[in-house]
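Notes to accompany the following structure.
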Amino acid sequence: MKPAEPTDVRLSEPVLPAGRGELSDGALRALRSPEGESLLPSDRAVDQADPYGEDLHLALYLCYELHYRGFRGVDPAWEWHPALLGLRAGLERRFLDALRSDTEVRPHSADEAFEGILVEPVNGTGLTYFLRDEGELWQLGEYAAQRSLYHLKEADPHAWVIPRLRGRAKAAMVAVEFDEFGGGRADRMHSRLFADLMTDLGLDTTYGRYLDASTGEMLAVVNLMSMFGLHRALRGALVGHFAAVEVTSSPASRRLAEAMRRTDAGAAAVHFYAEHVEADAVHEQVVRRDVVGGLLEDEPWLEADVAFGVAATDLLDARIGERTLAAWRAGRTSLRTPL
């Protein structure tokens, strides 16, 4: 791994990544050009793309990142450019249609959806179990490098749902987000705590640094949050997704804290996950009781959307876990390029 960078989360805009195919190459050419509209990929290319593929998800990530920090050298006007929004809509339809199709056989009540993730197996075989029991320091580094695409903006995609909620659901969502943002203290923001974890692991804390190295499966995980957050029509799915994250976070964080201790990863690396064990155990109760409960009290017709958000989250988490473990068990890096 490269030497550690300073622990500050860098505030500069990230640099544009390399393309991964027709869709992302076209989007990148457009963003780099003062007259880029004509360079955007065609609807036909979108319709033929793998809905879970590297190319589609990098293109979609580029579109979404303009709503976060943008990219160095890219005109901020692209954020709301009609042609780019048209491309984004096509990419979203392709992704969303696949998610709905692949989660078609699922519970349509919120309670049933949560039942499937509330009870964990005694002898689990997933990614965090592997890291707890036999993961090596380099594998923890790869895991953190990919997760940095989300954790360095932790809580941001979920904040978009706040103005779309009301009453009990809104108040509870704001309370959980307040904790995620450090309770008013910049040094306790979860994004900052994750940057400190990265420093312990010898990783570069620059925002967006590991975009090129991250897989399409990781991009899809982050894109799901952005897609749900940016669309009022998907507010139920966003709440379901957020609840699924909080329900599964505490036990997974416990395993990851144990992995960090076992490998002597460092105090900050342990602290990030130890903090989530306690915080997310509380958040789970608040989210299920007040955010989900409050939303469905106000808008009971969104229950199937909440269940869909849970199922889509579980599907994408399983995909990245399977790819990562397959690579590690074969003795290979799980990233597109090694650290």
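By convention here, the chains of the structure tokens are called A, B, ... in the order presented, each chain's residues are numbered starting at 1, and ligands are numbered starting at 1 in the order presented.
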Write out as a ChimeraX atom specification which residues come within 9 Å of stretch 248-254 of chain A when counting only C-alpha atoms, dropping same-chain ones fewer than 5 positions away. /A:117-118,120,128-129,132,243,259,272-281,284
Would you export the selected residues with N, CA, C and O atoms as a PDB file, in the first residue's frame, please?
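Output contents, as saved in part-v5.pdb:
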ATOM      1  N   ILE A 117     -33.811 -10.096   7.397  1.00  0.00           N
ATOM      2  CA  ILE A 117     -32.461  -9.590   7.670  1.00  0.00           C
ATOM      3  C   ILE A 117     -32.198  -9.384   9.159  1.00  0.00           C
ATOM      4  O   ILE A 117     -31.072  -9.081   9.551  1.00  0.00           O
ATOM      5  N   LEU A 118     -33.229  -9.547  10.004  1.00  0.00           N
ATOM      6  CA  LEU A 118     -33.052  -9.314  11.431  1.00  0.00           C
ATOM      7  C   LEU A 118     -32.312 -10.454  12.125  1.00  0.00           C
ATOM      8  O   LEU A 118     -31.593 -10.236  13.092  1.00  0.00           O
ATOM      9  N   GLU A 120     -29.499 -13.295  12.011  1.00  0.00           N
ATOM     10  CA  GLU A 120     -28.297 -13.687  11.289  1.00  0.00           C
ATOM     11  C   GLU A 120     -27.929 -15.136  11.610  1.00  0.00           C
ATOM     12  O   GLU A 120     -28.174 -15.608  12.730  1.00  0.00           O
ATOM     13  N   THR A 128     -18.177  -9.961   5.827  1.00  0.00           N
ATOM     14  CA  THR A 128     -17.682  -9.503   7.128  1.00  0.00           C
ATOM     15  C   THR A 128     -17.304 -10.678   8.038  1.00  0.00           C
ATOM     16  O   THR A 128     -16.436 -10.530   8.906  1.00  0.00           O
ATOM     17  N   TYR A 129     -17.936 -11.836   7.847  1.00  0.00           N
ATOM     18  CA  TYR A 129     -17.528 -13.026   8.591  1.00  0.00           C
ATOM     19  C   TYR A 129     -16.117 -13.446   8.173  1.00  0.00           C
ATOM     20  O   TYR A 129     -15.280 -13.797   9.005  1.00  0.00           O
ATOM     21  N   ARG A 132     -13.611 -11.038   9.653  1.00  0.00           N
ATOM     22  CA  ARG A 132     -13.445 -11.267  11.090  1.00  0.00           C
ATOM     23  C   ARG A 132     -12.569 -12.485  11.376  1.00  0.00           C
ATOM     24  O   ARG A 132     -11.694 -12.443  12.242  1.00  0.00           O
ATOM     25  N   ALA A 243     -33.298   1.730   6.337  1.00  0.00           N
ATOM     26  CA  ALA A 243     -33.596   0.823   7.444  1.00  0.00           C
ATOM     27  C   ALA A 243     -32.790  -0.462   7.323  1.00  0.00           C
ATOM     28  O   ALA A 243     -32.275  -0.975   8.325  1.00  0.00           O
ATOM     29  N   ALA A 259     -12.156  -7.751  13.420  1.00  0.00           N
ATOM     30  CA  ALA A 259     -11.132  -7.956  12.386  1.00  0.00           C
ATOM     31  C   ALA A 259     -10.013  -6.927  12.514  1.00  0.00           C
ATOM     32  O   ALA A 259      -8.826  -7.257  12.375  1.00  0.00           O
ATOM     33  N   PHE A 272     -13.826   3.292  14.394  1.00  0.00           N
ATOM     34  CA  PHE A 272     -14.897   3.560  13.430  1.00  0.00           C
ATOM     35  C   PHE A 272     -15.985   2.502  13.534  1.00  0.00           C
ATOM     36  O   PHE A 272     -17.178   2.827  13.604  1.00  0.00           O
ATOM     37  N   TYR A 273     -15.604   1.240  13.548  1.00  0.00           N
ATOM     38  CA  TYR A 273     -16.612   0.185  13.592  1.00  0.00           C
ATOM     39  C   TYR A 273     -17.174   0.002  14.996  1.00  0.00           C
ATOM     40  O   TYR A 273     -18.374  -0.291  15.150  1.00  0.00           O
ATOM     41  N   ALA A 274     -16.374   0.178  16.031  1.00  0.00           N
ATOM     42  CA  ALA A 274     -16.888   0.092  17.401  1.00  0.00           C
ATOM     43  C   ALA A 274     -17.952   1.155  17.638  1.00  0.00           C
ATOM     44  O   ALA A 274     -18.971   0.907  18.305  1.00  0.00           O
ATOM     45  N   GLU A 275     -17.738   2.348  17.098  1.00  0.00           N
ATOM     46  CA  GLU A 275     -18.722   3.424  17.192  1.00  0.00           C
ATOM     47  C   GLU A 275     -20.036   3.018  16.541  1.00  0.00           C
ATOM     48  O   GLU A 275     -21.127   3.301  17.061  1.00  0.00           O
ATOM     49  N   HIS A 276     -19.960   2.328  15.412  1.00  0.00           N
ATOM     50  CA  HIS A 276     -21.177   1.931  14.689  1.00  0.00           C
ATOM     51  C   HIS A 276     -21.923   0.792  15.382  1.00  0.00           C
ATOM     52  O   HIS A 276     -23.134   0.644  15.183  1.00  0.00           O
ATOM     53  N   VAL A 277     -21.220  -0.025  16.162  1.00  0.00           N
ATOM     54  CA  VAL A 277     -21.906  -1.114  16.878  1.00  0.00           C
ATOM     55  C   VAL A 277     -22.971  -0.535  17.790  1.00  0.00           C
ATOM     56  O   VAL A 277     -24.136  -0.955  17.783  1.00  0.00           O
ATOM     57  N   GLU A 278     -22.593   0.459  18.580  1.00  0.00           N
ATOM     58  CA  GLU A 278     -23.523   1.054  19.534  1.00  0.00           C
ATOM     59  C   GLU A 278     -24.507   1.997  18.859  1.00  0.00           C
ATOM     60  O   GLU A 278     -25.718   1.915  19.076  1.00  0.00           O
ATOM     61  N   ALA A 279     -23.981   2.893  18.013  1.00  0.00           N
ATOM     62  CA  ALA A 279     -24.841   3.908  17.399  1.00  0.00           C
ATOM     63  C   ALA A 279     -25.915   3.280  16.521  1.00  0.00           C
ATOM     64  O   ALA A 279     -27.097   3.660  16.581  1.00  0.00           O
ATOM     65  N   ASP A 280     -25.526   2.305  15.713  1.00  0.00           N
ATOM     66  CA  ASP A 280     -26.492   1.748  14.764  1.00  0.00           C
ATOM     67  C   ASP A 280     -27.470   0.790  15.421  1.00  0.00           C
ATOM     68  O   ASP A 280     -28.565   0.548  14.891  1.00  0.00           O
ATOM     69  N   ALA A 281     -27.118   0.241  16.576  1.00  0.00           N
ATOM     70  CA  ALA A 281     -28.094  -0.551  17.328  1.00  0.00           C
ATOM     71  C   ALA A 281     -29.253   0.346  17.779  1.00  0.00           C
ATOM     72  O   ALA A 281     -30.422  -0.068  17.751  1.00  0.00           O
ATOM     73  N   GLU A 284     -31.200   1.557  14.526  1.00  0.00           N
ATOM     74  CA  GLU A 284     -32.096   0.536  13.978  1.00  0.00           C
ATOM     75  C   GLU A 284     -33.494   0.655  14.581  1.00  0.00           C
ATOM     76  O   GLU A 284     -34.505   0.621  13.874  1.00  0.00           O
TER      77      GLU A 284
END
Mind checking which residues fall within 9 Å of A:Lys170, counting only C-alpha atoms, ignoring those fewer than 6 positions away in the same chain, and posting them as a PyMOL selection string? chain A and resi 161-164+290-291+294-295
Written file, previous selection with all heavy atoms, as a compact mmCIF listing (two decimals), in the first residue's frame:
# COMPACT_ATOMS: atom_id res chain seq x y z
N VAL A 161 -33.88 12.65 1.43
CA VAL A 161 -35.26 12.23 1.69
C VAL A 161 -35.94 13.10 2.74
O VAL A 161 -37.17 13.11 2.84
CB VAL A 161 -35.31 10.74 2.12
CG1 VAL A 161 -35.00 10.57 3.60
CG2 VAL A 161 -36.67 10.11 1.80
N ILE A 162 -35.18 13.87 3.50
CA ILE A 162 -35.76 14.61 4.63
C ILE A 162 -36.90 15.53 4.19
O ILE A 162 -37.99 15.49 4.80
CB ILE A 162 -34.67 15.39 5.39
CG1 ILE A 162 -33.74 14.40 6.11
CG2 ILE A 162 -35.28 16.36 6.40
CD1 ILE A 162 -32.50 15.03 6.72
N PRO A 163 -36.75 16.37 3.15
CA PRO A 163 -37.88 17.24 2.78
C PRO A 163 -39.07 16.48 2.19
O PRO A 163 -40.13 17.07 1.99
CB PRO A 163 -37.26 18.20 1.75
CG PRO A 163 -36.07 17.48 1.22
CD PRO A 163 -35.56 16.65 2.34
N ARG A 164 -38.90 15.17 1.95
CA ARG A 164 -39.98 14.38 1.37
C ARG A 164 -40.76 13.61 2.44
O ARG A 164 -41.69 12.89 2.12
CB ARG A 164 -39.39 13.42 0.34
CG ARG A 164 -38.88 14.20 -0.86
CD ARG A 164 -37.85 13.50 -1.66
NE ARG A 164 -37.38 14.40 -2.71
CZ ARG A 164 -36.32 14.20 -3.44
NH1 ARG A 164 -35.58 13.14 -3.24
NH2 ARG A 164 -35.97 15.06 -4.37
N ASP A 290 -39.89 4.64 14.03
CA ASP A 290 -40.37 6.00 13.78
C ASP A 290 -40.24 6.46 12.33
O ASP A 290 -41.12 7.17 11.84
CB ASP A 290 -39.65 6.99 14.70
CG ASP A 290 -40.02 6.78 16.16
OD1 ASP A 290 -41.20 6.50 16.43
OD2 ASP A 290 -39.12 6.88 17.02
N VAL A 291 -39.12 6.10 11.66
CA VAL A 291 -39.00 6.53 10.26
C VAL A 291 -39.91 5.67 9.39
O VAL A 291 -40.79 6.18 8.69
CB VAL A 291 -37.54 6.46 9.77
CG1 VAL A 291 -37.46 6.92 8.32
CG2 VAL A 291 -36.63 7.33 10.63
N GLY A 294 -43.54 5.88 10.92
CA GLY A 294 -44.15 7.18 10.65
C GLY A 294 -44.51 7.36 9.19
O GLY A 294 -45.57 7.90 8.85
N LEU A 295 -43.62 6.91 8.30
CA LEU A 295 -43.91 7.03 6.87
C LEU A 295 -45.16 6.23 6.51
O LEU A 295 -46.05 6.73 5.80
CB LEU A 295 -42.72 6.52 6.06
CG LEU A 295 -42.94 6.45 4.54
CD1 LEU A 295 -43.02 7.84 3.93
CD2 LEU A 295 -41.84 5.64 3.86
Among the residues A:Val245, A:Leu339, A:Val222, A:Ala171, the one that comes closest to A:Asp156 [using only C-alpha atoms]: A:Val222
Suppose you want the space between atom CA of A:Leu203 and atom CA of A:Val15; what is it in Å?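 Spanning atom CA of A:Leu203 to atom CA of A:Val15 is a straight-line distance of 17.2 Å.
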Env of A:Leu335: 7 Å cut, atoms = only C-alpha atoms, seq-sep filter 2 positions within chain, self excluded. Answer as a ChimeraX atom specification. /A:142,213-215,333,337-338
Just-selected residues, C-alpha atoms written as a short mmCIF file (atom, residue, chain, number, x, y, z; two decimals), in the first residue's frame:
data_model
loop_
_atom_site.label_atom_id
_atom_site.label_comp_id
_atom_site.auth_asym_id
_atom_site.auth_seq_id
_atom_site.Cartn_x
_atom_site.Cartn_y
_atom_site.Cartn_z
CA GLU A 142 -9.18 -3.21 -0.13
CA ALA A 213 -10.02 0.94 -8.47
CA SER A 214 -13.59 0.24 -7.36
CA THR A 215 -15.72 -2.38 -9.06
CA THR A 333 -7.09 -8.52 -5.56
CA THR A 337 -6.31 -2.25 -9.88
CA PRO A 338 -4.33 -3.29 -6.78
#
I'd like the interatomic distance between atom CA of A:Leu219 and atom CA of A:Ala172, to a tenth of an Å.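 Atom CA of A:Leu219 sits 28.2 Å away from atom CA of A:Ala172.
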Could you list, as a list of chain:residue names, every residue within 9 Å of A:Lys153, counting only C-alpha atoms and ignoring same-chain residues fewer than 3 positions away?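 Selected residues are A:Tyr68, A:Ser148, A:Leu149, A:Tyr150, A:Asp156, A:Pro157, A:His190, A:Ser191, A:Tyr207.
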Atom CA of A:Pro17 to atom CA of A:Asp212, distance in Å rounded to a single decimal: 5.7 Å
Name all residues at most 8 Å from stretch 173-186 of chain A (count only C-alpha atoms; drop same-chain ones fewer than 5 positions away) and give them as a ChimeraX atom specification. /A:154-155,159,162,191-192,283,286-287,291
Please dump the current selection as a PDB file, in the first residue's frame; keep all heavy atoms.
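Contents of part_7.pdb, freshly written:
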ATOM      1  N   GLU A 154     -20.724   9.720   3.871  1.00  0.00           N
ATOM      2  CA  GLU A 154     -21.741   9.006   4.654  1.00  0.00           C
ATOM      3  C   GLU A 154     -22.825   9.960   5.130  1.00  0.00           C
ATOM      4  O   GLU A 154     -22.541  11.042   5.615  1.00  0.00           O
ATOM      5  CB  GLU A 154     -21.094   8.308   5.854  1.00  0.00           C
ATOM      6  CG  GLU A 154     -22.054   7.416   6.604  1.00  0.00           C
ATOM      7  CD  GLU A 154     -21.369   6.494   7.607  1.00  0.00           C
ATOM      8  OE1 GLU A 154     -20.128   6.372   7.555  1.00  0.00           O
ATOM      9  OE2 GLU A 154     -22.081   5.911   8.420  1.00  0.00           O
ATOM     10  N   ALA A 155     -24.059   9.516   4.989  1.00  0.00           N
ATOM     11  CA  ALA A 155     -25.279  10.241   5.367  1.00  0.00           C
ATOM     12  C   ALA A 155     -25.744  11.224   4.303  1.00  0.00           C
ATOM     13  O   ALA A 155     -26.921  11.611   4.303  1.00  0.00           O
ATOM     14  CB  ALA A 155     -25.124  10.959   6.707  1.00  0.00           C
ATOM     15  N   ALA A 159     -29.815  12.195   3.198  1.00  0.00           N
ATOM     16  CA  ALA A 159     -30.359  13.490   3.606  1.00  0.00           C
ATOM     17  C   ALA A 159     -31.374  14.019   2.600  1.00  0.00           C
ATOM     18  O   ALA A 159     -32.249  14.821   2.966  1.00  0.00           O
ATOM     19  CB  ALA A 159     -29.225  14.496   3.795  1.00  0.00           C
ATOM     20  N   ILE A 162     -35.180  13.868   3.501  1.00  0.00           N
ATOM     21  CA  ILE A 162     -35.760  14.613   4.626  1.00  0.00           C
ATOM     22  C   ILE A 162     -36.905  15.528   4.192  1.00  0.00           C
ATOM     23  O   ILE A 162     -37.987  15.493   4.799  1.00  0.00           O
ATOM     24  CB  ILE A 162     -34.668  15.387   5.389  1.00  0.00           C
ATOM     25  CG1 ILE A 162     -33.742  14.398   6.108  1.00  0.00           C
ATOM     26  CG2 ILE A 162     -35.284  16.360   6.398  1.00  0.00           C
ATOM     27  CD1 ILE A 162     -32.503  15.028   6.723  1.00  0.00           C
ATOM     28  N   SER A 191     -17.966  10.452   8.379  1.00  0.00           N
ATOM     29  CA  SER A 191     -17.055  10.546   7.235  1.00  0.00           C
ATOM     30  C   SER A 191     -15.635  10.854   7.694  1.00  0.00           C
ATOM     31  O   SER A 191     -14.662  10.333   7.138  1.00  0.00           O
ATOM     32  CB  SER A 191     -17.530  11.614   6.254  1.00  0.00           C
ATOM     33  OG  SER A 191     -17.656  12.865   6.897  1.00  0.00           O
ATOM     34  N   ARG A 192     -15.517  11.684   8.724  1.00  0.00           N
ATOM     35  CA  ARG A 192     -14.196  12.005   9.268  1.00  0.00           C
ATOM     36  C   ARG A 192     -13.592  10.799   9.993  1.00  0.00           C
ATOM     37  O   ARG A 192     -12.398  10.502   9.860  1.00  0.00           O
ATOM     38  CB  ARG A 192     -14.286  13.194  10.219  1.00  0.00           C
ATOM     39  CG  ARG A 192     -12.979  13.500  10.961  1.00  0.00           C
ATOM     40  CD  ARG A 192     -11.845  13.722   9.968  1.00  0.00           C
ATOM     41  NE  ARG A 192     -10.554  13.605  10.605  1.00  0.00           N
ATOM     42  CZ  ARG A 192      -9.766  14.658  10.877  1.00  0.00           C
ATOM     43  NH1 ARG A 192     -10.177  15.873  10.607  1.00  0.00           N
ATOM     44  NH2 ARG A 192      -8.587  14.462  11.407  1.00  0.00           N
ATOM     45  N   HIS A 283     -29.925   3.343  16.254  1.00  0.00           N
ATOM     46  CA  HIS A 283     -30.539   3.840  15.024  1.00  0.00           C
ATOM     47  C   HIS A 283     -31.539   2.847  14.446  1.00  0.00           C
ATOM     48  O   HIS A 283     -32.580   3.234  13.917  1.00  0.00           O
ATOM     49  CB  HIS A 283     -29.458   4.135  13.978  1.00  0.00           C
ATOM     50  CG  HIS A 283     -28.577   5.286  14.337  1.00  0.00           C
ATOM     51  ND1 HIS A 283     -27.434   5.604  13.630  1.00  0.00           N
ATOM     52  CD2 HIS A 283     -28.666   6.210  15.331  1.00  0.00           C
ATOM     53  CE1 HIS A 283     -26.863   6.659  14.170  1.00  0.00           C
ATOM     54  NE2 HIS A 283     -27.590   7.044  15.196  1.00  0.00           N
ATOM     55  N   VAL A 286     -34.889   3.276  16.099  1.00  0.00           N
ATOM     56  CA  VAL A 286     -35.512   4.544  15.727  1.00  0.00           C
ATOM     57  C   VAL A 286     -36.019   4.488  14.288  1.00  0.00           C
ATOM     58  O   VAL A 286     -37.143   4.914  13.988  1.00  0.00           O
ATOM     59  CB  VAL A 286     -34.517   5.711  15.900  1.00  0.00           C
ATOM     60  CG1 VAL A 286     -35.125   7.020  15.390  1.00  0.00           C
ATOM     61  CG2 VAL A 286     -34.115   5.849  17.357  1.00  0.00           C
ATOM     62  N   VAL A 287     -35.192   3.951  13.401  1.00  0.00           N
ATOM     63  CA  VAL A 287     -35.576   3.918  11.985  1.00  0.00           C
ATOM     64  C   VAL A 287     -36.779   3.009  11.770  1.00  0.00           C
ATOM     65  O   VAL A 287     -37.750   3.376  11.094  1.00  0.00           O
ATOM     66  CB  VAL A 287     -34.383   3.480  11.110  1.00  0.00           C
ATOM     67  CG1 VAL A 287     -34.834   3.265   9.672  1.00  0.00           C
ATOM     68  CG2 VAL A 287     -33.282   4.532  11.156  1.00  0.00           C
ATOM     69  N   VAL A 291     -39.119   6.103  11.661  1.00  0.00           N
ATOM     70  CA  VAL A 291     -38.996   6.526  10.260  1.00  0.00           C
ATOM     71  C   VAL A 291     -39.906   5.665   9.390  1.00  0.00           C
ATOM     72  O   VAL A 291     -40.789   6.183   8.687  1.00  0.00           O
ATOM     73  CB  VAL A 291     -37.535   6.459   9.768  1.00  0.00           C
ATOM     74  CG1 VAL A 291     -37.457   6.921   8.315  1.00  0.00           C
ATOM     75  CG2 VAL A 291     -36.629   7.329  10.634  1.00  0.00           C
TER      76      VAL A 291
END
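When only C-alpha atoms are used to compute distances to A:Leu23, the closest of the residues A:Leu91, A:Ala98, A:Ala83, A:Leu256 turns out to be A:Leu91.
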When you count only C-alpha atoms, which of these residues is closest to A:Leu131: A:Glu112, A:Glu258, A:Asp47, A:Asp196? A:Glu258
Mind listing the helix (DSSP H, G or I) residues of stretch 41-96 of chain A, per DSSP on the backbone, as a ChimeraX atom specification? /A:43-47,54-65,76-80,82-96
Could you check the closest approach to A:Arg94 for each of A:Ser33, A:Gln48, A:Thr125, A:Gln285 and tell me which residue wins, using only C-alpha atoms? A:Gln48
